[in-house]
Amino acid sequence: MLDAVRRGLTPGEAALFEAVLAEAEKRHVALYLVGGPVRDILLGRGLRDVDLIVEPREDVPLGAAELARAAAPARSQVVEHDRFGTVRIETADGALDVATVRRESYARPGALPSVEPGTLEDDLRRRDFTVNALAVPISAAARRGRPALIDPESGRDDVSRGVLRVFHAASFHDDPTRALRAARLAERLGFRLSRGSRTALRDAIGAGAFSAVSGDRWRREFEKLFDDARRGLDPAAALRMLAEWHVLGALEPGLSVPKLALPALRRLGRSLAAPPFPAARLRPWAAGLAVWLADLDATSRRRTLRRFAVRGELAQRIAEFPRLRNRCLRTLATARGRGSVDALLGGIDEERLLALFAYAPPASRRRLLRWALEDRTRRPPVTGADLVAAGLSGPVVGAALARIRLAWLDGAVHTRDEAIALARELGARLGRRSASRPRKRARRVATRPATGKSTKVSLPAPEPSSILPAATPPTRALHPERQ
Ligand code: ATP
């Protein structure tokens with residue numbers, strides 16, 4: 001087992017693991033590998049993380065924090081999570097979690113547990129499913145008088161049968177978020193929830209336990225669900241399971257997974273696992289909620305976002321995604337030229353871009369991809385400073401830049417000289433217009449796609465131009481949000 005752990009570690013994790021193990025041996029501390037990694041080794045799967053646990057004994061009353069601090073190599077950081085006595089050692093190359101054994105009890109359904117010192121067996125029994133209640137002694141002090149695999153609830157049998165089983169009938173009652181953990185694990189491992197556990201889940205739903213859990217906690221569980229898509233979980237399958245178990249309706253009355261969302265959720269999952277285009281600062285769960293909730297009615301969508309404590313601008317963006325999606329898909333389907341695709345997609349955040357990609361049919365997907373991989377980062381041959389130097393000023397600069405970018409991506413403008421000539425032409429035209437109609441209301445909004453900031457200017461409809469060939473389609477440098 002120890003060899004399998006060592007084989008499964010990255011070099012950064014291995015260095016931390018060996019340091020903690022050496023310190024445990026030196027101080028005669030009982031150290032165990034516990035939970036997910038044991039289960040994954042039994043399944044022959046790669047390790048996702050390494051969870052170690054320390055059992056203080058009368059003769060060696062050392063806990064995880066002391067052991068971690070003593071073992072932490074130079075240039076590492078020991079982060080203590082006070083509430084639960086768990087510690088994380090982090091270096092630039094990896095991280096390792098160490099905890100002290102504990103016993104947990106729940107004052108009321110849905111509350112966070114009260115934690116007190118316990119034995120290794122207490123610690124295993126507080127866990128969600130039997131397949132996670134497995135420990136392997138890895139230090140000499142832990143091995144003394146213990147079997148090679150500590151398995152108080154026949155978790156090993158459940159691993160081999162592919163079953164998730166809770167320990168007792170009140171498990172989901174104590175902590176309803178375990179239902180989301182069940183869907184996530186079942187989908188990830190290809191396991192099923194045991195019959196008794198489904199009954200326990202039904203009972204907890206019937207007793208109203210799910211409404212006692214805060215929105216923040218539910219959102220965090222959905223964050224993990226969509227994060228796991230990066231490692232291959234299919235969010236469509238996990239959400240369908242939750243719907244089948246009546247969990248979604250318990251979270252928010254009427255909440256479901258619309259049929260239309262299923263293929264898009266599957267594509268989103270694949271895109272998170274193998275990103276089709278670079279997306280910095282992407283929050284998978286925000287893209288996930290945008291896709292999942294898009295075909296619910298607007299009231300249910302907003303209520304669900306509130307229930308998951310998604311607030312502010314992000315909630316607004318997710319709530320308005322369906323309108324953006326419909327408009328963008330219509331325009332992408334008929335877009336002529338790369339400039340108009342750029343003007344359409346330029347101001348959209350990464351999460352909704354990925355959500356849009358998930359819903360787009362093949363031809364539109366190819367256009368979106370070409371823009372995200374090639375055009376998005378291309379810079380036209382002039383900057384705002386060049387236009388100011390050429391005599392333009394005020395909002396005309398932004399409008400001219402947007403128009404130049406569009407013409408340049410469409411291949412109608414190639415050089416800096418051509419770009420400046422177009423800018424001067426636009427400047428002169430706008431100057432003439434504003435002289436003849438000084439107070440006319442702005443008709444269009446020109447946007448600088450890179451920043452998403454918009455500047456309202458009166459942009460005239462295209463006229464025959466010495467720079468733009470007659471065949472150039474009408475240009476609209478519009479922010480999709482503001483059409
Ligand atoms: P893995 O089990 O693959 O590590 P994970 O990343 O979801 O999946 P963590 O969230 O790191 O696991 O949790 C580590 C362990 O803590 C789990 O194996 C589980 O036994 C236990 N655990 C986590 N959350 C709960 C919970 N709500 N109730 C009971 N046990 C839990």
# chains A, B, ... in the order shown; residues from 1 in each chain; ligands from 1

$ residues_around --residues "range 325-337 of chain A" --least-positions-apart "2" --cutoff "7 Å" --atoms "only C-alpha atoms" --output "ChimeraX atom specification"
/A:321-323,339-341,356,360,364,410

$ write_last_selection --atoms "N, CA, C and O atoms" --output "PDB file, in the first residue's frame"
ATOM      1  N   PHE A 321     -27.840  35.169 -18.644  1.00  0.00           N
ATOM      2  CA  PHE A 321     -27.153  34.377 -19.666  1.00  0.00           C
ATOM      3  C   PHE A 321     -28.087  33.901 -20.787  1.00  0.00           C
ATOM      4  O   PHE A 321     -27.696  33.953 -21.960  1.00  0.00           O
ATOM      5  N   PRO A 322     -29.326  33.451 -20.488  1.00  0.00           N
ATOM      6  CA  PRO A 322     -30.148  32.946 -21.588  1.00  0.00           C
ATOM      7  C   PRO A 322     -30.359  33.981 -22.702  1.00  0.00           C
ATOM      8  O   PRO A 322     -30.315  33.647 -23.883  1.00  0.00           O
ATOM      9  N   ARG A 323     -30.558  35.245 -22.315  1.00  0.00           N
ATOM     10  CA  ARG A 323     -30.762  36.280 -23.340  1.00  0.00           C
ATOM     11  C   ARG A 323     -29.502  36.456 -24.175  1.00  0.00           C
ATOM     12  O   ARG A 323     -29.538  36.553 -25.391  1.00  0.00           O
ATOM     13  N   GLY A 339     -14.651  40.184 -38.056  1.00  0.00           N
ATOM     14  CA  GLY A 339     -14.821  41.415 -37.288  1.00  0.00           C
ATOM     15  C   GLY A 339     -16.119  41.427 -36.513  1.00  0.00           C
ATOM     16  O   GLY A 339     -16.162  41.818 -35.346  1.00  0.00           O
ATOM     17  N   SER A 340     -17.195  40.960 -37.142  1.00  0.00           N
ATOM     18  CA  SER A 340     -18.480  41.017 -36.433  1.00  0.00           C
ATOM     19  C   SER A 340     -18.518  39.995 -35.294  1.00  0.00           C
ATOM     20  O   SER A 340     -19.153  40.222 -34.264  1.00  0.00           O
ATOM     21  N   VAL A 341     -17.824  38.855 -35.460  1.00  0.00           N
ATOM     22  CA  VAL A 341     -17.745  37.875 -34.362  1.00  0.00           C
ATOM     23  C   VAL A 341     -16.964  38.494 -33.192  1.00  0.00           C
ATOM     24  O   VAL A 341     -17.346  38.378 -32.026  1.00  0.00           O
ATOM     25  N   LEU A 356     -21.593  29.522 -23.458  1.00  0.00           N
ATOM     26  CA  LEU A 356     -22.064  29.749 -24.829  1.00  0.00           C
ATOM     27  C   LEU A 356     -21.524  28.657 -25.748  1.00  0.00           C
ATOM     28  O   LEU A 356     -22.257  28.092 -26.571  1.00  0.00           O
ATOM     29  N   ALA A 360     -23.500  26.034 -28.284  1.00  0.00           N
ATOM     30  CA  ALA A 360     -23.432  26.400 -29.703  1.00  0.00           C
ATOM     31  C   ALA A 360     -23.437  25.166 -30.605  1.00  0.00           C
ATOM     32  O   ALA A 360     -22.787  24.171 -30.294  1.00  0.00           O
ATOM     33  N   SER A 364     -21.202  27.334 -35.333  1.00  0.00           N
ATOM     34  CA  SER A 364     -21.006  28.487 -34.450  1.00  0.00           C
ATOM     35  C   SER A 364     -19.865  28.222 -33.476  1.00  0.00           C
ATOM     36  O   SER A 364     -19.116  29.113 -33.108  1.00  0.00           O
ATOM     37  N   ASP A 410     -11.630  41.887 -40.605  1.00  0.00           N
ATOM     38  CA  ASP A 410     -12.314  41.459 -41.834  1.00  0.00           C
ATOM     39  C   ASP A 410     -11.384  41.508 -43.042  1.00  0.00           C
ATOM     40  O   ASP A 410     -11.791  41.159 -44.149  1.00  0.00           O
TER      41      ASP A 410
END

$ residues_around --residues "Arg146 in chain A" --least-positions-apart "6" --cutoff "12 Å" --atoms "only C-alpha atoms" --output "list in words"
Ala30, Leu31, Tyr32, Leu120, Glu121, Ala135, Val136, Pro137, Ile138, Ser139, Ala140 and Pro152 of chain A

$ closest_atom_pairs --of "chain A" --to "ligand 1" --cutoff "8 Å" --atoms "only C-alpha atoms and all ligand atoms" --output "Markdown table"
| residue | atom | partner | partner_atom_place_in_ligand_line | distance |
| --- | --- | --- | --- | --- |
| A:Val34 | CA | ligand 1 | 18 (O) | 7.7 |
| A:Gly35 | CA | ligand 1 | 18 (O) | 4.3 |
| A:Gly36 | CA | ligand 1 | 2 (O) | 3.7 |
| A:Pro37 | CA | ligand 1 | 4 (O) | 6.6 |
| A:Arg39 | CA | ligand 1 | 2 (O) | 8.0 |
| A:Asp40 | CA | ligand 1 | 3 (O) | 7.5 |
| A:Arg48 | CA | ligand 1 | 3 (O) | 6.2 |
| A:Asp49 | CA | ligand 1 | 4 (O) | 6.3 |
| A:Val50 | CA | ligand 1 | 4 (O) | 7.9 |
| A:Asp51 | CA | ligand 1 | 14 (C) | 7.3 |
| A:Leu124 | CA | ligand 1 | 20 (O) | 7.7 |
| A:Arg126 | CA | ligand 1 | 29 (C) | 5.9 |
| A:Arg127 | CA | ligand 1 | 30 (N) | 3.5 |
| A:Asp128 | CA | ligand 1 | 29 (C) | 3.6 |
| A:Phe129 | CA | ligand 1 | 20 (O) | 6.5 |
| A:Val131 | CA | ligand 1 | 20 (O) | 8.0 |
| A:Asn132 | CA | ligand 1 | 20 (O) | 4.5 |
| A:Ala133 | CA | ligand 1 | 20 (O) | 6.2 |
| A:Asp175 | CA | ligand 1 | 27 (N) | 6.1 |
| A:Pro176 | CA | ligand 1 | 27 (N) | 7.9 |
| A:Thr177 | CA | ligand 1 | 27 (N) | 6.0 |
| A:Arg178 | CA | ligand 1 | 27 (N) | 5.2 |
| A:Arg181 | CA | ligand 1 | 7 (O) | 6.6 |
| A:Arg184 | CA | ligand 1 | 7 (O) | 8.0 |
| A:Leu185 | CA | ligand 1 | 8 (O) | 7.3 |
| A:Lys224 | CA | ligand 1 | 7 (O) | 7.4 |

$ write_last_selection --atoms "N, CA, C and O atoms" --output "compact mmCIF listing (two decimals), in the first residue's frame"
# COMPACT_ATOMS: atom_id res chain seq x y z
N VAL A 34 -5.69 7.89 5.13
CA VAL A 34 -7.10 7.70 5.43
C VAL A 34 -8.00 8.22 4.31
O VAL A 34 -7.62 9.13 3.57
N GLY A 35 -9.18 7.59 4.18
CA GLY A 35 -10.23 8.13 3.30
C GLY A 35 -10.00 7.90 1.82
O GLY A 35 -9.59 6.82 1.39
N GLY A 36 -10.24 8.98 1.05
CA GLY A 36 -10.22 8.89 -0.42
C GLY A 36 -8.99 8.20 -1.01
O GLY A 36 -9.14 7.32 -1.87
N PRO A 37 -7.77 8.52 -0.55
CA PRO A 37 -6.61 7.89 -1.17
C PRO A 37 -6.59 6.37 -0.98
O PRO A 37 -6.18 5.64 -1.90
N ARG A 39 -9.23 4.41 -0.62
CA ARG A 39 -10.28 3.92 -1.54
C ARG A 39 -9.75 3.89 -2.98
O ARG A 39 -9.91 2.91 -3.69
N ASP A 40 -9.09 4.97 -3.38
CA ASP A 40 -8.62 5.06 -4.77
C ASP A 40 -7.52 4.03 -5.06
O ASP A 40 -7.45 3.49 -6.16
N ARG A 48 -5.97 11.47 -5.92
CA ARG A 48 -6.34 12.89 -6.11
C ARG A 48 -5.64 13.75 -5.08
O ARG A 48 -5.24 14.85 -5.33
N ASP A 49 -5.55 13.25 -3.88
CA ASP A 49 -4.85 13.98 -2.82
C ASP A 49 -4.39 12.98 -1.76
O ASP A 49 -4.72 11.80 -1.84
N VAL A 50 -3.62 13.46 -0.80
CA VAL A 50 -3.12 12.57 0.25
C VAL A 50 -3.65 13.09 1.58
O VAL A 50 -3.36 14.22 1.96
N ASP A 51 -4.47 12.31 2.25
CA ASP A 51 -4.98 12.71 3.56
C ASP A 51 -4.32 11.82 4.62
O ASP A 51 -4.45 10.60 4.57
N LEU A 124 -13.22 7.46 11.78
CA LEU A 124 -13.69 6.77 10.58
C LEU A 124 -15.22 6.76 10.53
O LEU A 124 -15.81 6.91 9.47
N ARG A 126 -17.28 8.99 11.63
CA ARG A 126 -17.93 10.27 11.40
C ARG A 126 -18.02 10.57 9.89
O ARG A 126 -18.58 11.56 9.46
N ARG A 127 -17.43 9.71 9.09
CA ARG A 127 -17.33 10.00 7.66
C ARG A 127 -18.63 9.74 6.91
O ARG A 127 -19.56 9.16 7.45
N ASP A 128 -18.65 10.20 5.67
CA ASP A 128 -19.90 10.14 4.90
C ASP A 128 -20.27 8.72 4.48
O ASP A 128 -21.38 8.25 4.72
N PHE A 129 -19.34 8.00 3.84
CA PHE A 129 -19.68 6.69 3.28
C PHE A 129 -18.64 5.66 3.73
O PHE A 129 -17.49 6.01 3.97
N VAL A 131 -17.01 3.58 2.10
CA VAL A 131 -15.82 3.47 1.23
C VAL A 131 -14.78 4.53 1.57
O VAL A 131 -13.64 4.43 1.12
N ASN A 132 -15.19 5.55 2.33
CA ASN A 132 -14.22 6.57 2.77
C ASN A 132 -13.74 6.33 4.20
O ASN A 132 -12.92 7.09 4.71
N ALA A 133 -14.27 5.28 4.84
CA ALA A 133 -13.93 5.02 6.24
C ALA A 133 -12.87 3.93 6.33
O ALA A 133 -13.04 2.91 7.00
N ASP A 175 -26.28 15.77 8.01
CA ASP A 175 -25.58 16.61 7.05
C ASP A 175 -26.11 16.35 5.64
O ASP A 175 -25.62 15.47 4.93
N PRO A 176 -27.14 17.13 5.24
CA PRO A 176 -27.75 16.90 3.92
C PRO A 176 -26.78 17.14 2.76
O PRO A 176 -27.00 16.63 1.67
N THR A 177 -25.66 17.87 2.99
CA THR A 177 -24.74 18.10 1.86
C THR A 177 -24.10 16.78 1.41
O THR A 177 -23.52 16.71 0.34
N ARG A 178 -24.22 15.76 2.24
CA ARG A 178 -23.70 14.45 1.83
C ARG A 178 -24.41 13.93 0.57
O ARG A 178 -23.87 13.09 -0.15
N ARG A 181 -22.34 15.07 -2.15
CA ARG A 181 -21.10 14.28 -2.17
C ARG A 181 -21.39 12.90 -2.77
O ARG A 181 -20.58 12.36 -3.51
N ARG A 184 -21.63 13.17 -6.56
CA ARG A 184 -20.30 13.45 -7.10
C ARG A 184 -19.44 12.18 -7.10
O ARG A 184 -18.84 11.82 -8.11
N LEU A 185 -19.45 11.49 -5.95
CA LEU A 185 -18.65 10.27 -5.85
C LEU A 185 -19.20 9.17 -6.75
O LEU A 185 -18.44 8.46 -7.43
N LYS A 224 -17.60 22.23 -5.84
CA LYS A 224 -16.79 21.01 -5.92
C LYS A 224 -17.25 20.12 -7.07
O LYS A 224 -16.46 19.50 -7.75

$ closest_residue --among "A:Val115, A:Thr10, A:Arg338, A:Asp97" --to "Leu33 in chain A" --atoms "only C-alpha atoms"
A:Asp97

$ select_by_dssp --residues "range 215-283 of chain A" --states "alpha helix (DSSP H)" --output "MDAnalysis selection string"
chainID A and resid 215:228 235:244 247:251 261:273

$ residues_around --residues "Ala65 in chain A" --least-positions-apart "4" --cutoff "8 Å" --atoms "only C-alpha atoms" --output "list in words"
Arg69, Glu80, Gly85, Thr86, Val87, Val98 and Ala99 of chain A

$ closest_residue --among "A:Leu52, A:Val382, A:Ala389, A:Leu324" --to "Ile404 in chain A" --atoms "only C-alpha atoms"
A:Val382

$ residues_around --residues "Glu252 in chain A" --least-positions-apart "2" --cutoff "12 Å" --atoms "only C-alpha atoms" --output "JSON, numbers by chain"
{"A": [205, 208, 210, 211, 213, 215, 218, 243, 246, 247, 248, 249, 250, 254, 255, 256, 299, 300, 301, 302, 303, 304, 305, 306, 307, 308]}

$ closest_residue --among "A:Asp234, A:Glu320, A:Asp342, A:Glu244" --to "Arg270 in chain A" --atoms "only C-alpha atoms"
A:Asp234
